[in-house]
$ cat protein.tsv   # TSV, C-alpha atoms
chain	number	residue	atom	x	y	z
A	1	MET	CA	-10.29	7.85	-5.65
A	2	LEU	CA	-10.78	9.91	-2.51
A	3	VAL	CA	-13.38	8.96	0.07
A	4	GLY	CA	-14.41	11.19	2.92
A	5	CYS	CA	-17.34	12.82	4.60
A	6	SER	CA	-17.98	16.38	5.64
A	7	GLU	CA	-17.47	17.49	9.20
A	8	SER	CA	-20.21	18.94	11.33
A	9	PRO	CA	-19.53	21.60	13.98
A	10	GLU	CA	-20.26	19.00	16.64
A	11	ALA	CA	-17.43	16.79	15.35
A	12	THR	CA	-14.74	19.42	15.77
A	13	SER	CA	-13.00	20.99	18.71
A	14	SER	CA	-11.50	24.43	19.16
A	15	SER	CA	-7.86	23.34	19.29
A	16	SER	CA	-5.62	20.48	18.27
A	17	MET	CA	-4.83	17.59	20.56
A	18	SER	CA	-1.29	17.24	21.76
A	19	LEU	CA	0.39	13.99	20.77
A	20	GLU	CA	0.22	12.83	24.38
A	21	GLN	CA	-3.53	13.47	24.43
A	22	ALA	CA	-3.99	11.70	21.10
A	23	VAL	CA	-2.29	8.63	22.56
A	24	ASN	CA	-3.32	8.64	26.22
A	25	ASN	CA	-6.58	10.59	26.47
A	26	ASN	CA	-8.36	9.88	23.22
A	27	PRO	CA	-11.84	8.28	23.13
A	28	ALA	CA	-11.27	7.10	19.54
A	29	ARG	CA	-8.74	4.52	20.74
A	30	SER	CA	-9.94	1.03	21.59
A	31	ALA	CA	-8.90	-0.69	24.81
A	32	ASP	CA	-7.17	-3.45	22.83
A	33	ASN	CA	-5.10	-0.91	20.92
A	34	LEU	CA	-4.19	0.99	24.08
A	35	SER	CA	-2.90	-2.25	25.62
A	36	ARG	CA	-0.31	-2.55	22.83
A	37	ASP	CA	1.33	0.84	23.45
A	38	ARG	CA	4.07	-0.78	25.53
A	39	HIS	CA	5.10	-2.76	22.46
A	40	ARG	CA	4.48	-0.16	19.73
A	41	HIS	CA	5.66	3.03	21.49
A	42	PRO	CA	3.48	5.47	19.52
A	43	ILE	CA	4.57	8.69	21.25
A	44	GLU	CA	8.25	7.93	20.83
A	45	THR	CA	7.78	6.68	17.26
A	46	LEU	CA	5.76	9.66	16.00
A	47	THR	CA	8.10	12.05	17.79
A	48	PHE	CA	11.06	10.39	16.08
A	49	PHE	CA	9.30	10.90	12.72
A	50	GLU	CA	8.75	14.57	13.68
A	51	VAL	CA	4.99	14.48	13.04
A	52	GLU	CA	3.32	17.80	13.92
A	53	PRO	CA	-0.43	18.54	14.13
A	54	ASP	CA	-0.42	21.00	11.22
A	55	MET	CA	1.17	18.60	8.71
A	56	THR	CA	-0.15	16.68	5.73
A	57	VAL	CA	0.45	13.01	6.52
A	58	VAL	CA	-0.09	9.85	4.47
A	59	GLU	CA	-0.54	6.60	6.38
A	60	ILE	CA	0.14	3.59	4.16
A	61	TRP	CA	-2.09	0.54	4.53
A	62	PRO	CA	-3.67	1.52	7.85
A	63	GLY	CA	-5.47	-1.84	8.12
A	64	GLY	CA	-7.86	-1.67	11.05
A	65	GLY	CA	-6.57	1.75	12.07
A	66	TRP	CA	-4.23	1.19	15.00
A	67	TYR	CA	-2.17	4.29	14.21
A	68	THR	CA	-5.11	6.02	12.52
A	69	GLU	CA	-6.88	6.25	15.88
A	70	ILE	CA	-3.99	8.46	17.00
A	71	LEU	CA	-3.24	10.34	13.80
A	72	ALA	CA	-6.82	11.22	12.79
A	73	PRO	CA	-7.72	13.30	15.87
A	74	TYR	CA	-4.16	14.64	16.17
A	75	LEU	CA	-4.25	16.07	12.64
A	76	LYS	CA	-7.95	16.82	12.37
A	77	GLU	CA	-8.03	20.50	13.24
A	78	ASN	CA	-4.93	21.90	11.57
A	79	GLY	CA	-3.47	19.13	9.45
A	80	LYS	CA	-4.51	16.58	6.85
A	81	LEU	CA	-4.52	12.78	6.91
A	82	TYR	CA	-4.62	10.59	3.82
A	83	ALA	CA	-5.22	6.91	4.54
A	84	ALA	CA	-3.79	4.97	1.58
A	85	HIS	CA	-5.66	1.70	2.06
A	86	PHE	CA	-5.82	-1.50	0.04
A	87	PRO	CA	-6.89	-0.94	-3.59
A	88	GLN	CA	-10.52	-1.42	-4.60
A	89	SER	CA	-9.35	-3.85	-7.28
A	90	GLU	CA	-8.10	-6.24	-4.58
A	91	THR	CA	-10.15	-9.47	-4.43
A	92	ARG	CA	-8.58	-11.34	-1.51
A	93	GLU	CA	-11.07	-11.60	1.33
A	94	TYR	CA	-8.93	-10.14	4.11
A	95	TYR	CA	-8.05	-7.06	2.06
A	96	VAL	CA	-11.62	-6.52	0.87
A	97	ASN	CA	-13.07	-6.82	4.38
A	98	SER	CA	-10.38	-4.64	5.96
A	99	ARG	CA	-10.93	-1.80	3.49
A	100	LYS	CA	-14.73	-2.07	3.82
A	101	ALA	CA	-14.57	-1.83	7.62
A	102	PHE	CA	-12.22	1.15	7.44
A	103	ILE	CA	-14.44	3.01	4.95
A	104	GLU	CA	-17.42	2.43	7.22
A	105	ARG	CA	-15.55	3.86	10.17
A	106	VAL	CA	-14.58	6.96	8.22
A	107	ALA	CA	-18.26	7.47	7.45
A	108	GLU	CA	-19.50	6.82	10.99
A	109	ASP	CA	-16.79	7.85	13.51
A	110	PRO	CA	-16.46	11.62	14.08
A	111	ALA	CA	-12.78	11.17	14.94
A	112	PHE	CA	-12.19	9.79	11.42
A	113	SER	CA	-14.45	12.20	9.54
A	114	ALA	CA	-11.69	14.42	8.10
A	115	ILE	CA	-9.69	11.53	6.64
A	116	GLU	CA	-9.38	11.19	2.88
A	117	VAL	CA	-9.11	7.54	1.88
A	118	THR	CA	-6.91	6.83	-1.11
A	119	GLU	CA	-5.43	3.52	-2.17
A	120	PHE	CA	-2.04	1.95	-2.59
A	121	ALA	CA	-0.60	-1.08	-4.35
A	122	PRO	CA	3.20	-1.30	-4.39
A	123	THR	CA	3.64	-2.18	-8.06
A	124	GLU	CA	0.91	0.10	-9.43
A	125	ASP	CA	0.82	3.84	-10.11
A	126	SER	CA	-1.02	4.71	-6.90
A	127	ALA	CA	-2.17	8.26	-6.15
A	128	ILE	CA	-1.76	8.11	-2.39
A	129	ALA	CA	-1.89	11.93	-2.20
A	130	PRO	CA	-1.38	14.78	-4.68
A	131	ALA	CA	2.24	14.77	-5.82
A	132	GLY	CA	4.61	16.88	-3.74
A	133	THR	CA	2.07	17.75	-1.03
A	134	ALA	CA	2.87	15.43	1.88
A	135	ASP	CA	5.04	16.43	4.82
A	136	ARG	CA	5.19	12.85	6.07
A	137	VAL	CA	4.57	9.39	4.66
A	138	LEU	CA	4.39	6.69	7.32
A	139	THR	CA	4.35	2.91	6.92
A	140	PHE	CA	4.12	0.56	9.87
A	141	ARG	CA	4.92	-3.15	9.45
A	142	ASN	CA	4.09	-3.36	5.74
A	143	LEU	CA	7.37	-3.83	3.85
A	144	HIS	CA	7.43	-7.57	4.47
A	145	ASN	CA	4.09	-7.95	2.67
A	146	TRP	CA	5.38	-6.17	-0.42
A	147	TYR	CA	8.56	-8.21	-0.37
A	148	MET	CA	6.72	-11.51	0.00
A	149	ASN	CA	4.46	-10.63	-2.94
A	150	ALA	CA	6.86	-8.88	-5.32
A	151	GLY	CA	10.38	-9.21	-3.92
A	152	GLU	CA	12.85	-6.36	-3.69
A	153	ALA	CA	11.30	-4.74	-6.77
A	154	GLY	CA	8.01	-4.43	-4.90
A	155	VAL	CA	9.64	-2.59	-2.01
A	156	GLU	CA	11.54	-0.28	-4.37
A	157	ALA	CA	8.34	0.51	-6.30
A	158	ALA	CA	6.56	1.36	-3.05
A	159	PHE	CA	9.29	3.77	-2.02
A	160	ALA	CA	9.16	5.45	-5.44
A	161	THR	CA	5.45	6.14	-4.87
A	162	PHE	CA	6.17	7.63	-1.45
A	163	TYR	CA	8.92	9.81	-2.89
A	164	LYS	CA	6.51	11.25	-5.45
A	165	ALA	CA	3.92	12.18	-2.80
A	166	LEU	CA	6.36	13.92	-0.45
A	167	LYS	CA	7.40	17.56	-0.55
A	168	PRO	CA	11.12	18.26	-0.92
A	169	GLY	CA	12.46	17.94	2.61
A	170	GLY	CA	9.57	15.66	3.58
A	171	ILE	CA	10.14	12.61	5.77
A	172	LEU	CA	9.37	8.94	5.19
A	173	GLY	CA	8.97	6.94	8.39
A	174	VAL	CA	9.34	3.15	8.20
A	175	VAL	CA	8.81	0.47	10.85
A	176	ASP	CA	9.05	-3.26	10.20
A	177	HIS	CA	9.98	-6.58	11.76
A	178	ARG	CA	13.77	-6.99	11.74
A	179	LEU	CA	15.58	-10.01	10.34
A	180	PRO	CA	19.17	-10.27	11.57
A	181	GLU	CA	21.62	-9.33	8.83
A	182	ASN	CA	23.51	-12.63	9.09
A	183	ARG	CA	20.46	-14.69	8.07
A	184	PRO	CA	19.96	-15.83	4.45
A	185	ASN	CA	17.75	-13.56	2.34
A	186	THR	CA	15.44	-16.53	1.79
A	187	HIS	CA	14.27	-16.10	5.38
A	188	MET	CA	12.41	-12.98	4.19
A	189	ASP	CA	10.29	-15.00	1.75
A	190	SER	CA	7.61	-16.03	4.23
A	191	SER	CA	8.67	-15.19	7.81
A	192	GLY	CA	7.36	-11.61	7.94
A	193	TYR	CA	10.84	-10.39	8.93
A	194	MET	CA	12.90	-7.99	6.79
A	195	LYS	CA	16.53	-6.98	6.76
A	196	GLN	CA	17.07	-3.34	7.65
A	197	SER	CA	19.76	-3.14	4.98
A	198	LEU	CA	17.25	-4.03	2.27
A	199	ALA	CA	14.85	-1.30	3.45
A	200	VAL	CA	17.67	1.25	3.35
A	201	LYS	CA	18.82	0.08	-0.09
A	202	ALA	CA	15.30	0.33	-1.53
A	203	ALA	CA	14.73	3.80	-0.08
A	204	GLU	CA	18.04	5.09	-1.37
A	205	ALA	CA	17.26	3.64	-4.81
A	206	ALA	CA	14.13	5.81	-4.83
A	207	GLY	CA	16.17	8.92	-3.99
A	208	PHE	CA	15.76	9.11	-0.22
A	209	GLU	CA	18.53	9.91	2.24
A	210	LEU	CA	18.69	7.96	5.51
A	211	VAL	CA	18.49	10.46	8.37
A	212	LYS	CA	18.61	8.13	11.34
A	213	ALA	CA	17.80	4.62	12.58
A	214	SER	CA	16.27	4.14	16.02
A	215	ASP	CA	15.87	1.22	18.41
A	216	ILE	CA	12.61	2.64	19.83
A	217	ASN	CA	10.82	-0.54	18.73
A	218	ALA	CA	13.65	-3.01	19.32
A	219	ASN	CA	13.03	-6.20	21.27
A	220	PRO	CA	16.22	-8.17	22.03
A	221	ASP	CA	14.14	-11.12	23.26
A	222	ASP	CA	12.84	-11.79	19.75
A	223	THR	CA	15.11	-14.25	17.92
A	224	ALA	CA	13.16	-13.97	14.63
A	225	ASP	CA	13.19	-17.74	14.07
A	226	HIS	CA	9.73	-18.90	15.14
A	227	PRO	CA	7.67	-21.78	13.67
A	228	ARG	CA	5.11	-19.49	12.05
A	229	GLY	CA	7.37	-16.52	11.55
A	230	VAL	CA	6.48	-13.23	13.15
A	231	TRP	CA	2.85	-14.37	13.46
A	232	THR	CA	3.95	-16.80	16.19
A	233	LEU	CA	4.32	-13.80	18.50
A	234	PRO	CA	1.64	-11.51	19.94
A	235	PRO	CA	-0.77	-10.19	18.93
A	236	THR	CA	-1.45	-13.04	16.48
A	237	LEU	CA	-0.12	-15.97	18.56
A	238	GLY	CA	-0.35	-18.22	15.53
A	239	LEU	CA	0.33	-21.45	17.49
A	240	GLY	CA	-2.74	-20.91	19.66
A	241	GLU	CA	-2.23	-22.38	23.11
A	242	GLN	CA	1.04	-24.10	22.19
A	243	ASP	CA	3.84	-22.35	24.11
A	244	ARG	CA	1.50	-19.39	24.53
A	245	GLU	CA	3.05	-18.21	27.78
A	246	ARG	CA	6.53	-18.34	26.26
A	247	TYR	CA	5.59	-16.20	23.26
A	248	GLN	CA	3.63	-13.75	25.36
A	249	GLY	CA	6.75	-13.41	27.49
A	250	ILE	CA	8.79	-12.49	24.40
A	251	GLY	CA	6.22	-9.86	23.42
A	252	GLU	CA	5.81	-8.30	20.00
A	253	SER	CA	8.53	-8.45	17.37
A	254	ASP	CA	11.94	-6.80	17.23
A	255	ARG	CA	11.51	-3.93	14.75
A	256	PHE	CA	13.69	-1.41	12.98
A	257	THR	CA	12.52	2.21	12.87
A	258	LEU	CA	13.98	4.28	10.04
A	259	LYS	CA	13.68	7.97	9.14
A	260	PHE	CA	14.39	9.00	5.56
A	261	ARG	CA	14.27	12.43	3.93
A	262	LYS	CA	13.46	13.50	0.39
A	263	PRO	CA	16.26	15.94	-0.49
A	264	GLU	CA	15.39	19.64	-0.44
A	265	SER	CA	16.71	19.99	-3.97
A	266	SER	CA	14.18	17.48	-5.35
A	267	SER	CA	11.55	18.65	-7.77

$ encode --input "protein.tsv" --output "structure tokens"
Amino acid sequence: MLVGCSESPEATSSSSMSLEQAVNNNPARSADNLSRDRHRHPIETLTFFEVEPDMTVVEIWPGGGWYTEILAPYLKENGKLYAAHFPQSETREYYVNSRKAFIERVAEDPAFSAIEVTEFAPTEDSAIAPAGTADRVLTFRNLHNWYMNAGEAGVEAAFATFYKALKPGGILGVVDHRLPENRPNTHMDSSGYMKQSLAVKAAEAAGFELVKASDINANPDDTADHPRGVWTLPPTLGLGEQDRERYQGIGESDRFTLKFRKPESSS
């Protein structure tokens, strides 16, 4: 199902934003989201994924829209943005409320008005975009959820869906919390951290080629062994006031940033 609303002349501008404008001079972005740029490095990350303003891009599970606030105005004039949100069949309260709030923003915020909302579930046949039409599929900090719910098979199924949506030569961009490779795989069961090697294995199983890994979103101060997993760190600060200053000093998680390509010879 696609959800969107028509644009009015007042909601458009005569030319595309640059990426720098979409990040730094963009009224769609909230102050809270702007404050996290030093941890999430959006300009460097989207540049690494080679996102251009005339592309068709799929954002997977945009949640509250942290990256959508950048991508929607950046792509609005000359590109296309599909937001593959939580499925309508989902009954868990967080997922239901998150999707509802996002749909409302698409309907009400001119910056979001050109978005087409689709849906995605990792183990279902999800139509995140018409097959073979996307230049980029981007997923930020989602793999751990699929792994915790459906194991390695869930991650592999997700990548197979992304492969189907991409054009030959299209790029899949992946960011997630990094678990050190020397830790037991069981540490991925509930910590929110993932091994980079598992992400690469799952992508290659779907047919992707690894182009490059980047440390844009690395944080050497994160030891990935916190009492409440990754949610111990900002922005969640799951321990509340307990050791708050310490965890704020660490900052947001250590993350891998991976760029994969669907081979040009793919059909």

$ atom_distance --input "protein.tsv" --atom1 "atom CA of Ile250 of chain A" --atom2 "atom CA of Tyr94 of chain A"
27.0 Å

$ closest_residue --input "protein.tsv" --among "A:Arg92, A:Ala165, A:Phe112, A:Tyr67" --to "Asp37 of chain A" --atoms "all atoms listed in the file"
A:Tyr67

$ atom_distance --input "protein.tsv" --atom1 "atom CA of Ser89 of chain A" --atom2 "atom CA of Gly229 of chain A"
28.2 Å

$ atom_distance --input "protein.tsv" --atom1 "atom CA of Ser98 of chain A" --atom2 "atom CA of His85 of chain A"
8.8 Å

$ closest_residue --input "protein.tsv" --among "A:Tyr82, A:Pro220, A:Ala160, A:Pro42" --to "Val106 of chain A" --atoms "only C-alpha atoms"
A:Tyr82

$ closest_residue --input "protein.tsv" --among "A:Gly249, A:Gly173, A:Gly240, A:Pro180" --to "Lys212 of chain A" --atoms "only C-alpha atoms"
A:Gly173

$ closest_residue --input "protein.tsv" --among "A:Asp109, A:Asp243, A:Glu90, A:Glu50" --to "Lys259 of chain A" --atoms "all atoms listed in the file"
A:Glu50

$ residues_around --input "protein.tsv" --residues "Gly132 of chain A" --least-positions-apart "5" --cutoff "10 Å" --atoms "only C-alpha atoms" --output "MDAnalysis selection string"
chainID A and resid 162:168 170 266:267

$ residues_around --input "protein.tsv" --residues "segment 74-80 of chain A" --least-positions-apart "4" --cutoff "6 Å" --atoms "all atoms listed in the file" --output "compact mmCIF listing (two decimals) with C-alpha atoms, in the coordinates of the input"
# COMPACT_ATOMS: atom_id res chain seq x y z
CA SER A 16 -5.62 20.48 18.27
CA MET A 17 -4.83 17.59 20.56
CA ALA A 22 -3.99 11.70 21.10
CA PRO A 53 -0.43 18.54 14.13
CA ASP A 54 -0.42 21.00 11.22
CA MET A 55 1.17 18.60 8.71
CA THR A 56 -0.15 16.68 5.73

$ axis_aligned_box --input "protein.tsv" --around "segment 48-65 of chain A" --padding-each-side "8 Å" --output "JSON"
{"center_x": 1.6, "center_y": 9.6, "center_z": 10.1, "size_x": 34.9, "size_y": 38.8, "size_z": 27.9}

$ closest_residue --input "protein.tsv" --among "A:Phe86, A:Val175, A:Asp32, A:Gly169" --to "Ala101 of chain A" --atoms "all atoms listed in the file"
A:Phe86

$ residues_near_point --input "protein.tsv" --point "(1.6, 5.1, -7.9)" --cutoff "12 Å" --atoms "all atoms listed in the file" --output "number ranges by chain"
A: 84, 87, 118-131, 154, 156-165

$ residues_around --input "protein.tsv" --residues "Val57 of chain A" --least-positions-apart "6" --cutoff "7 Å" --atoms "only C-alpha atoms" --output "list in words"
Lys80, Leu81, Tyr82, Ala134, Asp135, Arg136 and Val137 of chain A

$ write_last_selection --input "protein.tsv" --atoms "C-alpha atoms" --output "compact mmCIF listing (two decimals), keeping the file's coordinate frame"
# COMPACT_ATOMS: atom_id res chain seq x y z
CA LYS A 80 -4.51 16.58 6.85
CA LEU A 81 -4.52 12.78 6.91
CA TYR A 82 -4.62 10.59 3.82
CA ALA A 134 2.87 15.43 1.88
CA ASP A 135 5.04 16.43 4.82
CA ARG A 136 5.19 12.85 6.07
CA VAL A 137 4.57 9.39 4.66

$ closest_residue --input "protein.tsv" --among "A:Ser265, A:Thr139, A:Thr232, A:Gln248" --to "Glu209 of chain A" --atoms "all atoms listed in the file"
A:Ser265

$ residues_around --input "protein.tsv" --residues "Ser30 of chain A" --least-positions-apart "5" --cutoff "12 Å" --atoms "all atoms listed in the file" --output "PDB file with C-alpha atoms, keeping the file's coordinate frame"
ATOM      1  CA  VAL A  23      -2.290   8.630  22.560  1.00  0.00           C
ATOM      2  CA  ASN A  24      -3.320   8.640  26.220  1.00  0.00           C
ATOM      3  CA  ASN A  25      -6.580  10.590  26.470  1.00  0.00           C
ATOM      4  CA  SER A  35      -2.900  -2.250  25.620  1.00  0.00           C
ATOM      5  CA  ARG A  36      -0.310  -2.550  22.830  1.00  0.00           C
ATOM      6  CA  ASP A  37       1.330   0.840  23.450  1.00  0.00           C
ATOM      7  CA  GLY A  64      -7.860  -1.670  11.050  1.00  0.00           C
ATOM      8  CA  GLY A  65      -6.570   1.750  12.070  1.00  0.00           C
ATOM      9  CA  TRP A  66      -4.230   1.190  15.000  1.00  0.00           C
ATOM     10  CA  TYR A  67      -2.170   4.290  14.210  1.00  0.00           C
ATOM     11  CA  THR A  68      -5.110   6.020  12.520  1.00  0.00           C
ATOM     12  CA  GLU A  69      -6.880   6.250  15.880  1.00  0.00           C
ATOM     13  CA  ILE A  70      -3.990   8.460  17.000  1.00  0.00           C
TER      14      ILE A  70
END

$ residues_near_point --input "protein.tsv" --point "(9.1, 4.5, 17.3)" --cutoff "6 Å" --atoms "all atoms listed in the file" --output "list in words"
His41, Glu44, Thr45, Ile216 and Asn217 of chain A

$ residues_around --input "protein.tsv" --residues "Asp215 of chain A" --least-positions-apart "3" --cutoff "7 Å" --atoms "all atoms listed in the file" --output "ChimeraX atom specification"
/A:218,256-257
